[in-house]
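Asker: File follows, data-v8.txt with compact mmCIF, C-alpha atoms:
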```
# COMPACT_ATOMS: atom_id res chain seq x y z
CA MET A 2 -126.66 -69.93 17.24
CA ILE A 3 -124.84 -68.78 20.38
CA ASP A 4 -121.65 -66.75 19.95
CA ASN A 5 -119.24 -67.78 22.74
CA ARG A 6 -116.50 -65.37 21.72
CA ARG A 7 -115.67 -62.54 24.03
CA ALA A 8 -113.11 -59.81 24.11
CA ILE A 9 -111.37 -59.02 27.37
CA ASN A 10 -109.23 -55.91 27.48
CA THR A 11 -106.78 -56.12 30.35
CA SER A 12 -104.79 -53.04 29.34
CA GLY A 13 -101.64 -55.13 29.55
CA GLY A 14 -102.63 -56.80 32.81
CA ASN A 15 -103.31 -60.45 33.56
CA TYR A 16 -106.60 -62.24 33.10
CA ASN A 17 -107.40 -65.49 34.88
CA GLU A 18 -110.47 -67.41 33.76
CA ARG A 19 -110.48 -69.70 36.76
CA ILE A 20 -108.74 -69.20 40.07
CA GLU A 21 -108.53 -71.96 42.64
CA GLY A 22 -107.28 -71.45 46.15
CA ASN A 23 -105.72 -68.22 47.31
CA TYR A 24 -104.67 -65.67 44.73
CA VAL A 25 -102.86 -62.41 45.35
CA GLN A 26 -102.37 -60.06 42.43
CA GLY A 27 -99.25 -57.94 42.29
CA ASN A 28 -95.78 -57.60 40.92
CA TYR A 29 -93.48 -60.44 41.83
CA TYR A 30 -89.71 -60.31 41.60
CA ALA A 31 -86.99 -62.79 42.35
CA GLY A 32 -85.52 -62.27 45.82
CA SER A 33 -82.34 -60.68 44.51
CA GLN A 34 -84.33 -58.33 42.27
CA GLN A 35 -86.47 -57.12 45.17
CA LYS A 36 -83.35 -56.65 47.30
CA SER A 37 -81.85 -54.51 44.55
CA ILE A 38 -85.02 -52.44 44.30
CA ASP A 39 -85.17 -52.05 48.09
CA GLU A 40 -81.53 -50.98 48.27
CA ILE A 41 -81.76 -48.43 45.47
CA ALA A 42 -84.97 -46.98 46.93
CA ALA A 43 -83.18 -46.62 50.28
CA GLU A 44 -80.27 -44.81 48.58
CA ILE A 45 -82.63 -42.45 46.77
CA GLN A 46 -84.55 -41.85 50.02
CA GLN A 47 -81.30 -41.01 51.81
CA LEU A 48 -80.30 -38.61 49.03
CA LEU A 49 -83.67 -36.85 49.22
CA GLU A 50 -83.37 -36.50 52.98
CA GLN A 51 -79.86 -35.04 52.64
CA LEU A 52 -81.15 -32.47 50.14
CA ASP A 53 -83.96 -31.46 52.52
CA LYS A 54 -81.40 -29.27 54.29
CA PHE A 55 -80.94 -27.12 51.19
CA TYR A 56 -84.33 -27.12 49.46
CA PRO A 57 -87.75 -26.33 50.91
CA THR A 58 -90.35 -29.02 50.33
CA ASP A 59 -93.37 -26.96 51.29
CA THR A 60 -93.70 -25.51 47.77
CA THR A 61 -93.93 -27.09 44.35
CA THR A 62 -90.94 -25.07 43.19
CA GLY A 63 -88.86 -26.31 46.12
CA LYS A 64 -89.82 -29.94 45.44
CA MET A 65 -88.93 -29.53 41.77
CA ALA A 66 -85.58 -27.95 42.64
CA LEU A 67 -84.82 -30.76 45.08
CA ALA A 68 -85.73 -33.39 42.47
CA THR A 69 -83.57 -31.62 39.87
CA GLU A 70 -80.60 -31.63 42.22
CA ALA A 71 -81.24 -35.29 43.13
CA MET A 72 -81.23 -36.29 39.46
CA SER A 73 -78.10 -34.21 38.86
CA ARG A 74 -76.32 -36.04 41.66
CA ILE A 75 -77.56 -39.42 40.42
CA GLU A 76 -76.34 -38.71 36.88
CA SER A 77 -72.94 -37.49 38.10
CA ASN A 78 -72.40 -40.61 40.23
CA SER A 79 -71.84 -43.39 37.68
CA SER A 80 -71.95 -46.15 40.31
CA LEU A 81 -75.31 -44.96 41.64
CA ALA A 82 -76.65 -44.40 38.13
CA GLU A 83 -75.67 -47.94 37.11
CA ARG A 84 -77.35 -49.41 40.19
CA ILE A 85 -80.52 -47.44 39.47
CA ILE A 86 -80.48 -48.61 35.85
CA SER A 87 -80.04 -52.19 37.07
CA ALA A 88 -82.94 -51.81 39.52
CA LEU A 89 -85.14 -50.29 36.81
CA GLN A 90 -84.33 -53.22 34.53
CA ALA A 91 -85.10 -55.71 37.30
CA GLY A 92 -88.37 -54.15 38.37
CA SER A 93 -90.51 -51.16 37.81
CA ILE A 94 -90.51 -47.51 38.67
CA GLU A 95 -93.75 -48.11 40.57
CA ALA A 96 -91.96 -50.59 42.85
CA ILE A 97 -89.35 -47.94 43.68
CA ALA A 98 -92.03 -45.25 44.10
CA GLN A 99 -93.88 -47.36 46.65
CA LEU A 100 -90.76 -47.52 48.81
CA LEU A 101 -90.03 -43.77 48.79
CA ASN A 102 -91.54 -41.52 51.40
CA HIS A 103 -90.69 -37.91 50.63
CA PRO A 104 -92.59 -34.81 49.49
CA ALA A 105 -90.56 -34.67 46.25
CA THR A 106 -91.08 -38.35 45.37
CA SER A 107 -93.51 -37.68 42.51
CA PHE A 108 -91.01 -35.31 40.87
CA VAL A 109 -88.12 -37.77 41.21
CA ILE A 110 -90.26 -40.63 39.88
CA GLY A 111 -91.29 -38.46 36.93
CA ALA A 112 -87.63 -37.73 36.23
CA LEU A 113 -86.73 -41.43 36.50
CA GLU A 114 -89.54 -42.30 34.08
CA ASP A 115 -88.17 -39.75 31.61
CA TRP A 116 -84.64 -41.02 32.24
CA LYS A 117 -85.77 -44.59 31.58
CA LYS A 118 -87.34 -43.53 28.25
CA THR A 119 -84.39 -41.43 27.09
CA LYS A 120 -81.81 -44.00 28.13
CA LYS A 121 -84.00 -46.78 26.71
CA ILE A 122 -83.69 -48.91 29.83
```
Would you write the structure of this file as structure tokens?

Answerer:
Amino acid sequence: MIDNRRAINTSGGNYNERIEGNYVQGNYYAGSQQKSIDEIAAEIQQLLEQLDKFYPTDTTTGKMALATEAMSRIESNSSLAERIISALQAGSIEAIAQLLNHPATSFVIGALEDWKKTKKI
């Protein structure tokens, strides 16, 4: 007797038994969702670049201090915080992380991940 059962662990990802034609794997968002993610990433990028003037980014401590100040400013600006929450609900932190280009990005993304958990976004 042949056992045709099989277990496929995708770790939460997608599994396709049969793919026909072209297939591109990735995260897909509605146009308005991606626009929101793009805009919020641009605002965070701008904030990080403004803070560059006050915090060194050539040390881990400097990057952490810059990220701490960035999160402080985000939390104290309710409009910005609400837009970030909306973007996080629409997409993923990874989508925002891919759009940021700054030495302190990993620290800010870590803080946003924590923020998302504690605010239960």

Asker: Do you know which residues lie at most 12 Å from (-81.6, -44.9, 27.9), with coordinates as in the file and all atoms listed in the file counted, and could you write them as a ChimeraX atom specification?

Answerer: /A:82-83,85-87,89-90,113-122

Asker: What separation in Å, quoted to one decimal, exists between atom CA of A:Ile97 and atom CA of A:Arg84?

Answerer: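 Pair atom CA of A:Ile97 / atom CA of A:Arg84 returns 12.6 Å.
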
Asker: Please report the interatomic distance between atom CA of A:Ala98 and atom CA of A:Ser77 in Å with one decimal.

Answerer: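 Going from atom CA of A:Ala98 over to atom CA of A:Ser77, I get 21.5 Å.
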
Asker: Which residue gives the smallest distance to A:Asp39 among A:Asn78, A:Ser73, A:Ser93, A:Ser107, with all atoms listed in the file counted?

Answerer: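 Comparing A:Asn78, A:Ser73, A:Ser93, A:Ser107 against A:Asp39, the winner is A:Ser93.
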
Asker: Between atom CA of A:Ala96 and atom CA of A:Glu44, what is the distance in Å, rounded to a tenth?

Answerer: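 Between these atoms lies a distance of 14.2 Å.
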
Asker: For A:Ile45, which of A:Met72, A:Gly111, A:Ala91, A:Ser80 is the closest residue, counting all atoms listed in the file?

Answerer: A:Met72

Asker: Could you work out an axis-aligned bounding box for all listed atoms of stretch 59-67 of chain A, with 3 Å added on each of the six sides, and give its centre and edge lengths in Å to one decimal, as AutoDock Vina command-line options?

Answerer:
```
--center_x -89.4 --center_y -27.9 --center_z 46.5 --size_x 15.1 --size_y 11.7 --size_z 15.5
```

Asker: Which one is closest to A:Ala105: A:Thr62, A:Ile75, A:Gly92, A:Leu81? Count all atoms listed in the file.

Answerer: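 Of A:Thr62, A:Ile75, A:Gly92, A:Leu81, the one nearest A:Ala105 is A:Thr62, counting all atoms listed in the file.
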
Asker: For A:Leu100, which residue among A:Ala71, A:Ala43, A:Lys36, A:Asp59 is the nearest when counting all atoms listed in the file?

Answerer: A:Ala43

Asker: Go through A:Pro104, A:Ile110, A:Gln99, A:Ala88 and flag the residue nearest A:Gly63, using all atoms listed in the file for the distances.

Answerer: A:Pro104

Asker: Between A:His103, A:Glu50, A:Ile94, A:Val109, single out the one closest to A:Ile38, counting all atoms listed in the file.

Answerer: A:Ile94

Asker: Could you write stretch 39-63 of chain A as a PDB file, in the coordinates of the input, with N, CA and C atoms rebuilt where they are missing?

Answerer:
```pdb
ATOM      1  N   ASP A  39     -85.134 -52.584  46.722  1.00  0.00           N
ATOM      2  CA  ASP A  39     -85.170 -52.050  48.090  1.00  0.00           C
ATOM      3  C   ASP A  39     -83.943 -51.198  48.384  1.00  0.00           C
ATOM      4  N   GLU A  40     -82.779 -51.703  47.992  1.00  0.00           N
ATOM      5  CA  GLU A  40     -81.530 -50.980  48.270  1.00  0.00           C
ATOM      6  C   GLU A  40     -81.470 -49.663  47.516  1.00  0.00           C
ATOM      7  N   ILE A  41     -81.850 -49.665  46.255  1.00  0.00           N
ATOM      8  CA  ILE A  41     -81.760 -48.430  45.470  1.00  0.00           C
ATOM      9  C   ILE A  41     -82.786 -47.419  45.972  1.00  0.00           C
ATOM     10  N   ALA A  42     -83.967 -47.889  46.366  1.00  0.00           N
ATOM     11  CA  ALA A  42     -84.970 -46.980  46.930  1.00  0.00           C
ATOM     12  C   ALA A  42     -84.440 -46.358  48.219  1.00  0.00           C
ATOM     13  N   ALA A  43     -83.758 -47.144  49.038  1.00  0.00           N
ATOM     14  CA  ALA A  43     -83.180 -46.620  50.280  1.00  0.00           C
ATOM     15  C   ALA A  43     -82.115 -45.570  49.976  1.00  0.00           C
ATOM     16  N   GLU A  44     -81.302 -45.802  48.944  1.00  0.00           N
ATOM     17  CA  GLU A  44     -80.270 -44.810  48.580  1.00  0.00           C
ATOM     18  C   GLU A  44     -80.907 -43.526  48.076  1.00  0.00           C
ATOM     19  N   ILE A  45     -81.953 -43.645  47.270  1.00  0.00           N
ATOM     20  CA  ILE A  45     -82.630 -42.450  46.770  1.00  0.00           C
ATOM     21  C   ILE A  45     -83.289 -41.711  47.933  1.00  0.00           C
ATOM     22  N   GLN A  46     -83.918 -42.454  48.835  1.00  0.00           N
ATOM     23  CA  GLN A  46     -84.550 -41.850  50.020  1.00  0.00           C
ATOM     24  C   GLN A  46     -83.521 -41.071  50.837  1.00  0.00           C
ATOM     25  N   GLN A  47     -82.361 -41.663  51.045  1.00  0.00           N
ATOM     26  CA  GLN A  47     -81.300 -41.010  51.810  1.00  0.00           C
ATOM     27  C   GLN A  47     -80.845 -39.732  51.115  1.00  0.00           C
ATOM     28  N   LEU A  48     -80.695 -39.790  49.798  1.00  0.00           N
ATOM     29  CA  LEU A  48     -80.300 -38.610  49.030  1.00  0.00           C
ATOM     30  C   LEU A  48     -81.342 -37.503  49.179  1.00  0.00           C
ATOM     31  N   LEU A  49     -82.604 -37.850  49.071  1.00  0.00           N
ATOM     32  CA  LEU A  49     -83.670 -36.850  49.220  1.00  0.00           C
ATOM     33  C   LEU A  49     -83.645 -36.218  50.604  1.00  0.00           C
ATOM     34  N   GLU A  50     -83.424 -37.029  51.613  1.00  0.00           N
ATOM     35  CA  GLU A  50     -83.370 -36.500  52.980  1.00  0.00           C
ATOM     36  C   GLU A  50     -82.156 -35.595  53.193  1.00  0.00           C
ATOM     37  N   GLN A  51     -81.035 -35.905  52.542  1.00  0.00           N
ATOM     38  CA  GLN A  51     -79.860 -35.040  52.640  1.00  0.00           C
ATOM     39  C   GLN A  51     -80.149 -33.684  51.986  1.00  0.00           C
ATOM     40  N   LEU A  52     -80.862 -33.711  50.868  1.00  0.00           N
ATOM     41  CA  LEU A  52     -81.150 -32.470  50.140  1.00  0.00           C
ATOM     42  C   LEU A  52     -82.213 -31.618  50.819  1.00  0.00           C
ATOM     43  N   ASP A  53     -82.968 -32.222  51.746  1.00  0.00           N
ATOM     44  CA  ASP A  53     -83.960 -31.460  52.520  1.00  0.00           C
ATOM     45  C   ASP A  53     -83.353 -30.250  53.202  1.00  0.00           C
ATOM     46  N   LYS A  54     -82.081 -30.351  53.561  1.00  0.00           N
ATOM     47  CA  LYS A  54     -81.400 -29.270  54.290  1.00  0.00           C
ATOM     48  C   LYS A  54     -81.217 -28.029  53.428  1.00  0.00           C
ATOM     49  N   PHE A  55     -81.256 -28.224  52.101  1.00  0.00           N
ATOM     50  CA  PHE A  55     -80.940 -27.120  51.190  1.00  0.00           C
ATOM     51  C   PHE A  55     -82.140 -26.647  50.372  1.00  0.00           C
ATOM     52  N   TYR A  56     -83.176 -27.455  50.297  1.00  0.00           N
ATOM     53  CA  TYR A  56     -84.330 -27.120  49.460  1.00  0.00           C
ATOM     54  C   TYR A  56     -85.620 -27.247  50.270  1.00  0.00           C
ATOM     55  N   PRO A  57     -86.470 -26.235  50.194  1.00  0.00           N
ATOM     56  CA  PRO A  57     -87.750 -26.330  50.910  1.00  0.00           C
ATOM     57  C   PRO A  57     -88.676 -27.319  50.189  1.00  0.00           C
ATOM     58  N   THR A  58     -89.427 -28.073  50.957  1.00  0.00           N
ATOM     59  CA  THR A  58     -90.350 -29.020  50.330  1.00  0.00           C
ATOM     60  C   THR A  58     -91.803 -28.641  50.601  1.00  0.00           C
ATOM     61  N   ASP A  59     -92.007 -27.404  51.038  1.00  0.00           N
ATOM     62  CA  ASP A  59     -93.370 -26.960  51.290  1.00  0.00           C
ATOM     63  C   ASP A  59     -93.960 -26.204  50.096  1.00  0.00           C
ATOM     64  N   THR A  60     -93.196 -26.119  49.002  1.00  0.00           N
ATOM     65  CA  THR A  60     -93.700 -25.510  47.770  1.00  0.00           C
ATOM     66  C   THR A  60     -93.383 -26.429  46.593  1.00  0.00           C
ATOM     67  N   THR A  61     -94.166 -26.300  45.558  1.00  0.00           N
ATOM     68  CA  THR A  61     -93.930 -27.090  44.350  1.00  0.00           C
ATOM     69  C   THR A  61     -92.571 -26.761  43.750  1.00  0.00           C
ATOM     70  N   THR A  62     -92.225 -25.484  43.735  1.00  0.00           N
ATOM     71  CA  THR A  62     -90.940 -25.070  43.190  1.00  0.00           C
ATOM     72  C   THR A  62     -89.784 -25.682  43.967  1.00  0.00           C
ATOM     73  N   GLY A  63     -89.905 -25.706  45.283  1.00  0.00           N
ATOM     74  CA  GLY A  63     -88.860 -26.310  46.120  1.00  0.00           C
ATOM     75  C   GLY A  63     -88.722 -27.799  45.856  1.00  0.00           C
TER      76      GLY A  63
END
```
